[in-house]
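J.: This one is target.txt, compact mmCIF, C-alpha atoms.
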# COMPACT_ATOMS: atom_id res chain seq x y z
CA MET O 1 -46.47 49.99 -8.90
CA ARG O 2 -45.58 49.85 -5.25
CA VAL O 3 -43.40 52.86 -4.44
CA LEU O 4 -41.23 53.90 -1.49
CA ILE O 5 -40.98 57.64 -0.78
CA THR O 6 -38.28 58.58 1.70
CA GLY O 7 -39.13 61.91 3.28
CA GLY O 8 -42.70 61.34 2.13
CA ALA O 9 -44.26 63.43 4.91
CA GLY O 10 -42.35 66.49 3.76
CA PHE O 11 -43.47 69.26 1.45
CA ILE O 12 -42.58 67.72 -1.92
CA GLY O 13 -42.93 64.12 -0.73
CA SER O 14 -46.51 64.56 0.42
CA HIS O 15 -47.58 66.07 -2.92
CA LEU O 16 -45.85 63.23 -4.72
CA ALA O 17 -47.69 60.75 -2.48
CA ASP O 18 -51.00 62.39 -3.41
CA LYS O 19 -50.35 61.92 -7.12
CA LEU O 20 -49.20 58.33 -6.77
CA VAL O 21 -52.28 57.36 -4.79
CA GLU O 22 -54.51 59.24 -7.21
CA ARG O 23 -53.17 57.24 -10.14
CA GLY O 24 -53.65 53.95 -8.28
CA ASP O 25 -50.19 53.06 -6.99
CA GLU O 26 -49.44 51.61 -3.58
CA ILE O 27 -47.00 53.67 -1.54
CA VAL O 28 -44.77 53.27 1.48
CA ILE O 29 -43.84 56.53 3.21
CA LEU O 30 -40.69 56.54 5.32
CA ASP O 31 -40.13 59.70 7.37
CA ASP O 32 -38.59 60.45 10.76
CA LEU O 33 -40.75 63.61 11.05
CA SER O 34 -37.72 65.75 11.89
CA THR O 35 -38.78 68.25 9.23
CA GLY O 36 -41.73 66.42 7.66
CA ARG O 37 -45.18 66.75 9.23
CA LEU O 38 -47.74 64.05 9.83
CA LYS O 39 -50.56 66.46 8.95
CA ASN O 40 -49.21 66.59 5.38
CA ILE O 41 -50.24 62.97 4.84
CA GLU O 42 -53.05 62.45 7.36
CA HIS O 43 -55.63 62.48 4.59
CA LEU O 44 -53.90 59.47 2.99
CA LEU O 45 -53.49 57.22 6.00
CA ASP O 46 -56.96 55.67 5.85
CA SER O 47 -56.23 54.28 2.40
CA ASP O 48 -55.34 50.59 2.16
CA ARG O 49 -52.80 51.58 -0.50
CA VAL O 50 -50.73 53.70 1.90
CA GLN O 51 -48.29 52.53 4.56
CA PHE O 52 -46.56 55.05 6.80
CA VAL O 53 -43.41 54.07 8.67
CA GLU O 54 -41.89 56.51 11.14
CA GLY O 55 -38.19 55.91 10.81
CA SER O 56 -34.93 57.11 9.33
CA VAL O 57 -33.05 56.42 6.11
CA LEU O 58 -30.01 56.09 8.38
CA ASP O 59 -31.45 52.78 9.60
CA ARG O 60 -29.94 50.42 7.03
CA GLY O 61 -31.97 47.44 8.19
CA MET O 62 -35.26 49.29 7.92
CA VAL O 63 -34.36 50.63 4.48
CA ARG O 64 -33.52 47.09 3.32
CA VAL O 65 -36.81 45.67 4.61
CA LEU O 66 -38.95 48.38 3.04
CA MET O 67 -37.02 48.43 -0.22
CA SER O 68 -37.53 44.69 -0.64
CA THR O 69 -41.30 45.28 -0.89
CA VAL O 70 -41.36 47.94 -3.64
CA ASP O 71 -40.76 48.40 -7.36
CA ALA O 72 -39.43 51.96 -7.25
CA CYS O 73 -38.11 54.53 -4.80
CA PHE O 74 -38.08 58.32 -4.69
CA HIS O 75 -35.31 59.37 -2.31
CA LEU O 76 -36.31 62.80 -1.01
CA ALA O 77 -35.24 62.57 2.65
CA SER O 78 -32.71 65.31 3.32
CA ALA O 79 -31.95 68.43 5.31
CA VAL O 80 -34.09 71.33 4.08
CA GLY O 81 -33.54 75.06 3.93
CA VAL O 82 -30.48 77.28 3.96
CA LYS O 83 -31.05 78.24 7.59
CA LEU O 84 -30.93 74.63 8.80
CA VAL O 85 -27.89 73.82 6.69
CA VAL O 86 -25.96 76.88 7.90
CA ASN O 87 -26.87 76.31 11.54
CA GLN O 88 -26.20 72.54 11.51
CA PRO O 89 -23.68 71.88 8.72
CA LEU O 90 -22.11 68.74 10.18
CA ASP O 91 -25.39 67.00 10.93
CA SER O 92 -26.80 68.05 7.55
CA VAL O 93 -23.91 66.64 5.56
CA LEU O 94 -23.61 63.42 7.54
CA SER O 95 -27.31 62.57 7.44
CA SER O 96 -27.51 63.33 3.72
CA VAL O 97 -24.41 61.30 2.82
CA ARG O 98 -25.23 58.30 4.99
CA GLY O 99 -28.86 58.29 3.93
CA ALA O 100 -27.98 58.46 0.25
CA ASP O 101 -25.50 55.61 0.69
CA ASN O 102 -28.08 53.41 2.43
CA VAL O 103 -30.84 54.06 -0.08
CA ALA O 104 -28.79 53.96 -3.29
CA SER O 105 -26.79 50.85 -2.40
CA THR O 106 -29.89 48.98 -1.25
CA ALA O 107 -31.87 49.92 -4.36
CA ALA O 108 -29.00 48.78 -6.58
CA ARG O 109 -28.61 45.50 -4.74
CA LEU O 110 -32.34 44.69 -4.85
CA GLY O 111 -32.93 45.92 -8.41
CA VAL O 112 -35.31 48.71 -7.40
CA ARG O 113 -35.55 51.73 -9.70
CA MET O 114 -34.51 54.83 -7.74
CA LEU O 115 -34.78 58.56 -8.37
CA PHE O 116 -32.45 60.68 -6.25
CA THR O 117 -33.64 64.25 -5.71
CA SER O 118 -30.71 66.63 -5.83
CA THR O 119 -30.69 70.41 -5.83
CA SER O 120 -29.75 73.50 -7.79
CA GLU O 121 -27.28 74.12 -4.95
CA ILE O 122 -25.08 71.72 -6.89
CA TYR O 123 -24.07 74.62 -9.15
CA GLY O 124 -22.83 76.66 -6.22
CA LYS O 125 -21.88 80.20 -7.16
CA ASN O 126 -22.13 79.66 -10.90
CA GLY O 127 -24.30 82.63 -11.84
CA SER O 128 -24.13 82.17 -15.59
CA GLY O 129 -27.18 80.85 -17.22
CA PRO O 130 -29.27 79.20 -18.08
CA LEU O 131 -27.44 76.36 -16.33
CA HIS O 132 -27.42 72.98 -18.05
CA GLU O 133 -26.64 69.66 -16.40
CA ASP O 134 -22.96 69.74 -17.40
CA SER O 135 -22.37 73.32 -16.25
CA ASP O 136 -19.41 73.77 -13.93
CA ARG O 137 -19.84 73.71 -10.19
CA VAL O 138 -18.35 76.82 -8.56
CA LEU O 139 -18.07 76.39 -4.81
CA GLY O 140 -16.59 78.47 -2.05
CA SER O 141 -14.34 77.28 0.73
CA PRO O 142 -15.18 73.98 2.49
CA THR O 143 -15.19 75.99 5.71
CA THR O 144 -18.23 77.93 4.45
CA ALA O 145 -21.16 75.98 5.86
CA ARG O 146 -23.49 76.51 2.91
CA TRP O 147 -21.34 74.38 0.61
CA SER O 148 -21.65 71.31 2.82
CA TYR O 149 -25.16 70.79 1.46
CA SER O 150 -24.02 71.09 -2.15
CA THR O 151 -21.17 68.66 -1.47
CA ALA O 152 -23.46 66.14 0.22
CA LYS O 153 -25.91 66.23 -2.68
CA ALA O 154 -23.02 65.83 -5.14
CA PHE O 155 -22.06 62.67 -3.24
CA GLY O 156 -25.59 61.32 -3.76
CA GLU O 157 -25.44 62.15 -7.46
CA ILE O 158 -22.10 60.35 -7.80
CA LEU O 159 -23.57 57.29 -6.11
CA ALA O 160 -26.59 57.26 -8.41
CA TYR O 161 -24.43 57.66 -11.50
CA GLY O 162 -21.86 55.12 -10.30
CA TYR O 163 -24.40 52.41 -9.56
CA ALA O 164 -26.05 52.94 -12.94
CA ASN O 165 -22.80 53.10 -14.91
CA GLU O 166 -20.81 50.40 -13.15
CA HIS O 167 -23.50 48.02 -11.88
CA GLY O 168 -26.41 48.53 -14.28
CA ALA O 169 -28.68 49.88 -11.56
CA SER O 170 -31.84 51.75 -12.57
CA THR O 171 -30.96 55.05 -10.92
CA MET O 172 -31.44 58.65 -12.03
CA VAL O 173 -31.09 62.18 -10.61
CA ALA O 174 -33.40 65.21 -10.61
CA ARG O 175 -31.94 68.60 -9.66
CA LEU O 176 -34.77 70.68 -8.22
CA PHE O 177 -34.87 74.46 -8.56
CA ASN O 178 -36.80 76.19 -5.75
CA ALA O 179 -39.98 74.14 -5.52
CA VAL O 180 -42.76 76.14 -3.84
CA GLY O 181 -46.42 75.65 -2.98
CA PRO O 182 -48.89 74.58 -0.30
CA ARG O 183 -47.51 72.74 2.78
CA GLN O 184 -44.08 74.32 2.49
CA SER O 185 -42.95 75.40 5.94
CA ALA O 186 -41.50 78.79 6.78
CA SER O 187 -39.55 77.21 9.65
CA TYR O 188 -36.31 76.64 7.75
CA GLY O 189 -35.89 79.91 5.90
CA MET O 190 -37.97 79.09 2.81
CA VAL O 191 -38.55 82.48 1.29
CA LEU O 192 -42.08 82.38 -0.13
CA PRO O 193 -43.95 80.88 2.86
CA THR O 194 -41.94 83.17 5.15
CA LEU O 195 -42.99 86.27 3.22
CA VAL O 196 -46.63 85.14 3.09
CA ARG O 197 -46.74 84.35 6.80
CA GLN O 198 -45.28 87.75 7.63
CA ALA O 199 -47.73 89.56 5.34
CA LEU O 200 -50.76 87.78 6.81
CA ALA O 201 -49.55 88.50 10.35
CA GLY O 202 -49.04 92.20 9.59
CA GLU O 203 -45.30 91.94 10.18
CA ASP O 204 -42.50 93.49 8.15
CA LEU O 205 -41.50 91.34 5.21
CA THR O 206 -37.80 90.58 5.62
CA VAL O 207 -35.71 90.57 2.47
CA PHE O 208 -32.07 89.64 2.96
CA GLY O 209 -29.20 91.36 1.20
CA ASP O 210 -30.38 94.07 -1.17
CA GLY O 211 -33.18 91.98 -2.70
CA THR O 212 -31.77 92.02 -6.22
CA GLN O 213 -30.78 88.35 -6.10
CA THR O 214 -33.03 86.27 -8.36
CA ARG O 215 -34.52 82.80 -8.20
CA CYS O 216 -36.66 80.66 -10.47
CA PHE O 217 -39.59 79.29 -8.45
CA THR O 218 -41.25 76.05 -9.57
CA HIS O 219 -44.76 75.13 -8.43
CA VAL O 220 -44.72 71.82 -6.58
CA ASP O 221 -47.35 70.42 -8.97
CA ASP O 222 -44.90 70.92 -11.84
CA THR O 223 -42.01 69.52 -9.79
CA THR O 224 -43.83 66.31 -8.89
CA ASP O 225 -45.10 65.91 -12.44
CA ALA O 226 -41.49 65.95 -13.64
CA LEU O 227 -40.45 63.36 -11.03
CA LEU O 228 -43.23 61.00 -12.09
CA ARG O 229 -42.33 61.35 -15.75
CA LEU O 230 -38.67 60.67 -15.07
CA ILE O 231 -39.06 57.54 -12.96
CA SER O 232 -41.33 56.03 -15.63
CA CYS O 233 -38.82 56.73 -18.40
CA ASP O 234 -36.30 54.00 -19.21
CA GLU O 235 -34.16 56.48 -21.16
CA ALA O 236 -33.71 58.56 -17.99
CA ILE O 237 -31.71 55.80 -16.26
CA GLY O 238 -28.17 56.92 -15.52
CA GLY O 239 -29.01 60.54 -16.28
CA VAL O 240 -29.30 63.82 -14.38
CA PHE O 241 -32.03 66.33 -15.16
CA ASN O 242 -32.77 69.91 -14.15
CA VAL O 243 -36.33 70.48 -12.94
CA GLY O 244 -37.27 74.14 -12.76
CA ALA O 245 -39.28 77.00 -14.17
CA PRO O 246 -37.35 79.39 -16.44
CA HIS O 247 -38.60 82.77 -15.22
CA GLU O 248 -36.34 84.76 -12.88
CA VAL O 249 -37.86 86.79 -10.07
CA ARG O 250 -35.98 89.26 -7.88
CA ILE O 251 -36.64 88.57 -4.21
CA ILE O 252 -37.60 92.21 -3.63
CA ASP O 253 -40.18 91.86 -6.42
CA LEU O 254 -41.44 88.61 -4.92
CA ALA O 255 -42.07 90.43 -1.64
CA GLN O 256 -43.98 93.15 -3.46
CA MET O 257 -46.11 90.54 -5.23
CA VAL O 258 -46.94 88.95 -1.87
CA LEU O 259 -48.00 92.31 -0.45
CA LYS O 260 -50.25 92.95 -3.43
CA ARG O 261 -51.86 89.48 -3.40
CA THR O 262 -52.48 89.46 0.35
CA GLY O 263 -53.63 93.09 0.53
CA SER O 264 -51.30 93.53 3.48
CA ASP O 265 -50.21 96.93 4.79
CA SER O 266 -46.89 95.48 5.90
CA ARG O 267 -43.63 97.05 4.83
CA ILE O 268 -40.57 95.46 3.27
CA ARG O 269 -37.51 95.54 5.51
CA VAL O 270 -34.10 94.87 3.94
CA VAL O 271 -31.78 92.97 6.29
CA PRO O 272 -28.02 92.60 5.64
CA TYR O 273 -26.86 89.01 5.39
CA GLU O 274 -24.47 89.37 8.29
CA GLN O 275 -27.44 90.19 10.53
CA ALA O 276 -29.64 87.42 9.18
CA TYR O 277 -27.23 84.49 9.25
CA PRO O 278 -24.28 83.32 11.33
CA SER O 279 -20.84 83.09 9.77
CA GLY O 280 -20.79 80.39 7.13
CA PHE O 281 -23.43 81.91 4.87
CA GLU O 282 -22.72 82.97 1.31
CA GLU O 283 -25.42 84.28 -1.04
CA LEU O 284 -25.85 83.64 -4.74
CA GLY O 285 -26.80 86.25 -7.30
CA ARG O 286 -28.84 84.15 -9.73
CA ARG O 287 -29.56 80.59 -10.69
CA VAL O 288 -31.55 79.83 -13.84
CA PRO O 289 -32.20 76.28 -15.13
CA ASP O 290 -31.93 74.94 -18.64
CA CYS O 291 -34.54 72.16 -18.71
CA SER O 292 -34.28 71.34 -22.42
CA LYS O 293 -32.87 67.88 -21.66
CA LEU O 294 -35.90 66.99 -19.54
CA ASN O 295 -38.26 68.49 -22.12
CA ARG O 296 -36.75 66.52 -25.00
CA LEU O 297 -37.01 63.24 -23.12
CA THR O 298 -40.40 63.57 -21.43
CA GLY O 299 -42.14 66.61 -22.92
CA TRP O 300 -42.20 68.30 -19.50
CA THR O 301 -42.48 72.05 -19.18
CA ALA O 302 -43.47 74.15 -16.17
CA GLU O 303 -47.15 75.08 -16.51
CA HIS O 304 -47.66 77.18 -13.38
CA THR O 305 -46.53 80.76 -12.88
CA VAL O 306 -44.95 82.36 -9.83
CA ASP O 307 -48.25 84.11 -9.25
CA ASP O 308 -50.02 80.73 -9.18
CA ALA O 309 -47.63 79.60 -6.47
CA ILE O 310 -48.08 82.78 -4.46
CA GLN O 311 -51.88 82.47 -4.56
CA ASP O 312 -51.73 78.79 -3.51
CA VAL O 313 -49.35 79.49 -0.64
CA ILE O 314 -51.56 82.35 0.57
CA ALA O 315 -54.64 80.09 0.51
CA ASP O 316 -52.75 77.35 2.36
CA GLN O 317 -51.41 79.70 5.04
CA ARG O 318 -54.81 81.32 5.55
CA GLU O 319 -56.33 77.88 6.07
CA THR O 320 -53.58 76.98 8.53
CA LEU O 321 -54.10 80.22 10.47
CA SER O 322 -57.87 79.70 10.63
CA ILE O 323 -57.43 76.16 11.97
CA ALA O 324 -54.95 77.39 14.59
CA ALA O 325 -57.37 80.10 15.68
Show me this structure written as structure tokens.
T.:
Amino acid sequence: MRVLITGGAGFIGSHLADKLVERGDEIVILDDLSTGRLKNIEHLLDSDRVQFVEGSVLDRGMVRVLMSTVDACFHLASAVGVKLVVNQPLDSVLSSVRGADNVASTAARLGVRMLFTSTSEIYGKNGSGPLHEDSDRVLGSPTTARWSYSTAKAFGEILAYGYANEHGASTMVARLFNAVGPRQSASYGMVLPTLVRQALAGEDLTVFGDGTQTRCFTHVDDTTDALLRLISCDEAIGGVFNVGAPHEVRIIDLAQMVLKRTGSDSRIRVVPYEQAYPSGFEELGRRVPDCSKLNRLTGWTAEHTVDDAIQDVIADQRETLSIAA
């Protein structure tokens, strides 16, 4: 196939690009490099099967031109990280909504199969679990900045479902639960690379709140494997699927694991949310995925552990630090 990846120079997009090239596909990477990094895909750019276009999904004309040359599209371009969303809620929601509209409508019009990457943020404050795809969304006030991201992603999901249901478009949705691994930046509040960077630098590891909040971290290799299985599956069209590992980890325990794996003498420092974030932040206690729907359809299960992800992020950050030195 020939495949368009929006946000393809980002963390998940670049790993997806690696796998597509490895299996012999041609790819077009569209990224404005606002949060993506060229170094994530530099190793691919000499290939005659890879085209990189620096540009935005907000450019409807560019999206139309590129989409007309491909068979399938992974739409990953989006704001990343709680910190960015809380600090720039208006820009985050507008870019996500307008980008999703451009990509989904163009894919539907041109008959291109499209996978829209959504987020576990969709479920909001619903702390019951495991969460399945039809679980209720429980959101706070629209004036709380964090929920702008959830709302924007819900808009993208509605578009994907609407085009499939009403116009027969080949669209589908994957809700990602805390993908982690090499190339993930600590710049936007991503917890694991932040903790690893702090440990390697001999700094205090900052854990927000009381550290008892839990997350289910999914290695990026497992995440991208799920995306590839879904886009190749005709039965996935019109559907939404959770993509996540099932094992909960308390953030305070994650920090302790990082200290142990790095051999760092750093300490863990607990920081109240009101000191860590501006007004507009609201934390979630737990969020656990039910991925049985994805498993039944594609046979996918998460194969990597949290410890695998920690070790890979440590190796990646150590390499980055050695290059910088």
J.: Residues around (-26.8, 63.8, -7.2), cut-off 10 Å, counting only C-alpha atoms - what are they as a list in words?
T.: Ala100, Leu115, Phe116, Thr117, Ser118, Thr119, Ile122, Ser150, Thr151, Ala152, Lys153, Ala154, Phe155, Gly156, Glu157, Ile158, Leu159, Ala160, Tyr161, Met172, Val173, Ala174, Arg175, Gly239, Val240 and Phe241 of chain O
J.: Using all atoms listed in the file, what does the table of stretch 188-239 of chain O residues within 10 Å of stretch 288-300 of chain O look like, with each row giving the shortest atom pair and its distance in Å to one decimal, sorted by chain and ascending number, as a tab-separated table?
T.:
residue	atom	partner	partner_atom	distance
O:Thr214	CA	O:Val288	CA	8.6
O:Arg215	CA	O:Val288	CA	7.0
O:Cys216	CA	O:Val288	CA	6.2
O:Phe217	CA	O:Val288	CA	9.7
O:Asp222	CA	O:Trp300	CA	8.5
O:Thr223	CA	O:Trp300	CA	9.8
O:Asp225	CA	O:Trp300	CA	8.0
O:Ala226	CA	O:Trp300	CA	6.4
O:Leu227	CA	O:Trp300	CA	10.0
O:Arg229	CA	O:Thr298	CA	6.4
O:Leu230	CA	O:Thr298	CA	7.2
O:Ser232	CA	O:Thr298	CA	9.6
O:Cys233	CA	O:Thr298	CA	7.6
O:Glu235	CA	O:Leu297	CA	7.6
O:Ala236	CA	O:Leu297	CA	7.7
O:Gly239	CA	O:Lys293	CA	9.9
J.: So which one's closest to O:Pro130, O:Ala245, O:Ile41, O:Ala77, O:Ala17? Using only C-alpha atoms, please.
T.: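 Result for the nearest residue to O:Pro130: O:Ala245.
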J.: Using only C-alpha atoms, which of the listed residues (O:Gln184, O:Ser141, O:Gln256, O:Ser68) sits closest to O:Ser14?
T.: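 Checking each candidate against O:Ser14, we get O:Gln184 as the closest.
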J.: Of the candidates O:Val93, O:Ala169, O:Ala179, O:Met257, which one gets nearest to O:Trp147 if we count all atoms listed in the file?
T.: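 Of O:Val93, O:Ala169, O:Ala179, O:Met257, the one nearest O:Trp147, counting all atoms listed in the file, is O:Val93.
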J.: For atom CA of O:Arg261 and atom CA of O:Ile314, determine how far apart the two atoms are, in Å to one decimal place.
T.: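 Computed distance, atom CA of O:Arg261 to atom CA of O:Ile314, equals 8.2 Å.
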J.: I'd like the neighbourhood of O:Gly36 as a PyMOL selection string, where a residue qualifies if any of its atoms comes within 8 Å (using only C-alpha atoms), though same-chain residues fewer than 6 positions away should be ignored.
T.: chain O and resi 7-11
J.: Could you state the separation of atom CA of O:Val270 and atom CA of O:Val191 in Å, given to one decimal place?
T.: 13.4 Å
J.: Restricting the calculation to only C-alpha atoms, which member of O:Met62, O:Met67, O:Val28, O:Val80 is positioned closest to O:Ser187?
T.: O:Val80
J.: So, with all atoms listed in the file as the atoms that count, which of O:Arg64, O:Val243, O:Arg183, O:Glu203 lies closest to O:Leu38?
T.: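 Of O:Arg64, O:Val243, O:Arg183, O:Glu203, the one nearest O:Leu38, counting all atoms listed in the file, is O:Arg183.
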J.: Which polymer residues have any atom within 10 Å of an atom of O:Gln88, counting all atoms listed in the file, with same-chain residues fewer than 6 positions away left out, as a ChimeraX atom specification?
T.: /O:79,82,145-146,148
J.: For each of O:Leu176, O:Ile237, O:Val258, O:Met114, take the minimum atom-to-atom distance to O:Asp204, counting all atoms listed in the file, then give the residue where this is smallest.
T.: O:Val258
J.: Using all atoms listed in the file, determine which residues lie at most 9 Å from stretch 315-319 of chain O, disregarding the query and same-chain residues fewer than 2 positions distant; provide the list as number ranges by chain.
T.: O: 181-183, 193, 196-197, 200, 310-313, 321-324
J.: Excluding stretch 252-255 of chain O and its own-chain neighbours fewer than 6 positions away, which residues fall within 8 Å of it when counting only C-alpha atoms? Please give them as a PDB file with C-alpha atoms, in the frame of the given file.
T.:
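out_26.pdb written:
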ATOM      1  CA  LEU O 192     -42.080  82.380  -0.130  1.00  0.00           C
ATOM      2  CA  LEU O 195     -42.990  86.270   3.220  1.00  0.00           C
ATOM      3  CA  LEU O 205     -41.500  91.340   5.210  1.00  0.00           C
ATOM      4  CA  VAL O 207     -35.710  90.570   2.470  1.00  0.00           C
ATOM      5  CA  ASP O 210     -30.380  94.070  -1.170  1.00  0.00           C
ATOM      6  CA  GLY O 211     -33.180  91.980  -2.700  1.00  0.00           C
ATOM      7  CA  THR O 212     -31.770  92.020  -6.220  1.00  0.00           C
ATOM      8  CA  ILE O 268     -40.570  95.460   3.270  1.00  0.00           C
TER       9      ILE O 268
END
J.: Can you list, as a PyMOL selection string, every protein, DNA or RNA residue that comes within 12 Å of stretch 46-56 of chain O when you count all atoms listed in the file, leaving out same-chain residues fewer than 6 positions away?
T.: chain O and resi 1-9+14+17-18+20-38+40+62-66+69-70+75-78+95-96+98-100+102-103
J.: Can you sort out the box for stretch 188-200 of chain O, edges along x, y and z, all listed atoms in, 5 Å on every side, with centre and edge lengths in Å to one decimal, as JSON?
T.:
{"center_x": -43.3, "center_y": 83.1, "center_z": 3.8, "size_x": 24.9, "size_y": 22.9, "size_z": 17.9}
J.: One decimal, in Å: what's the spacing between atom CA of O:Leu259 and atom CA of O:Gln275?
T.: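 Here the two named atoms are 23.4 Å from each other.
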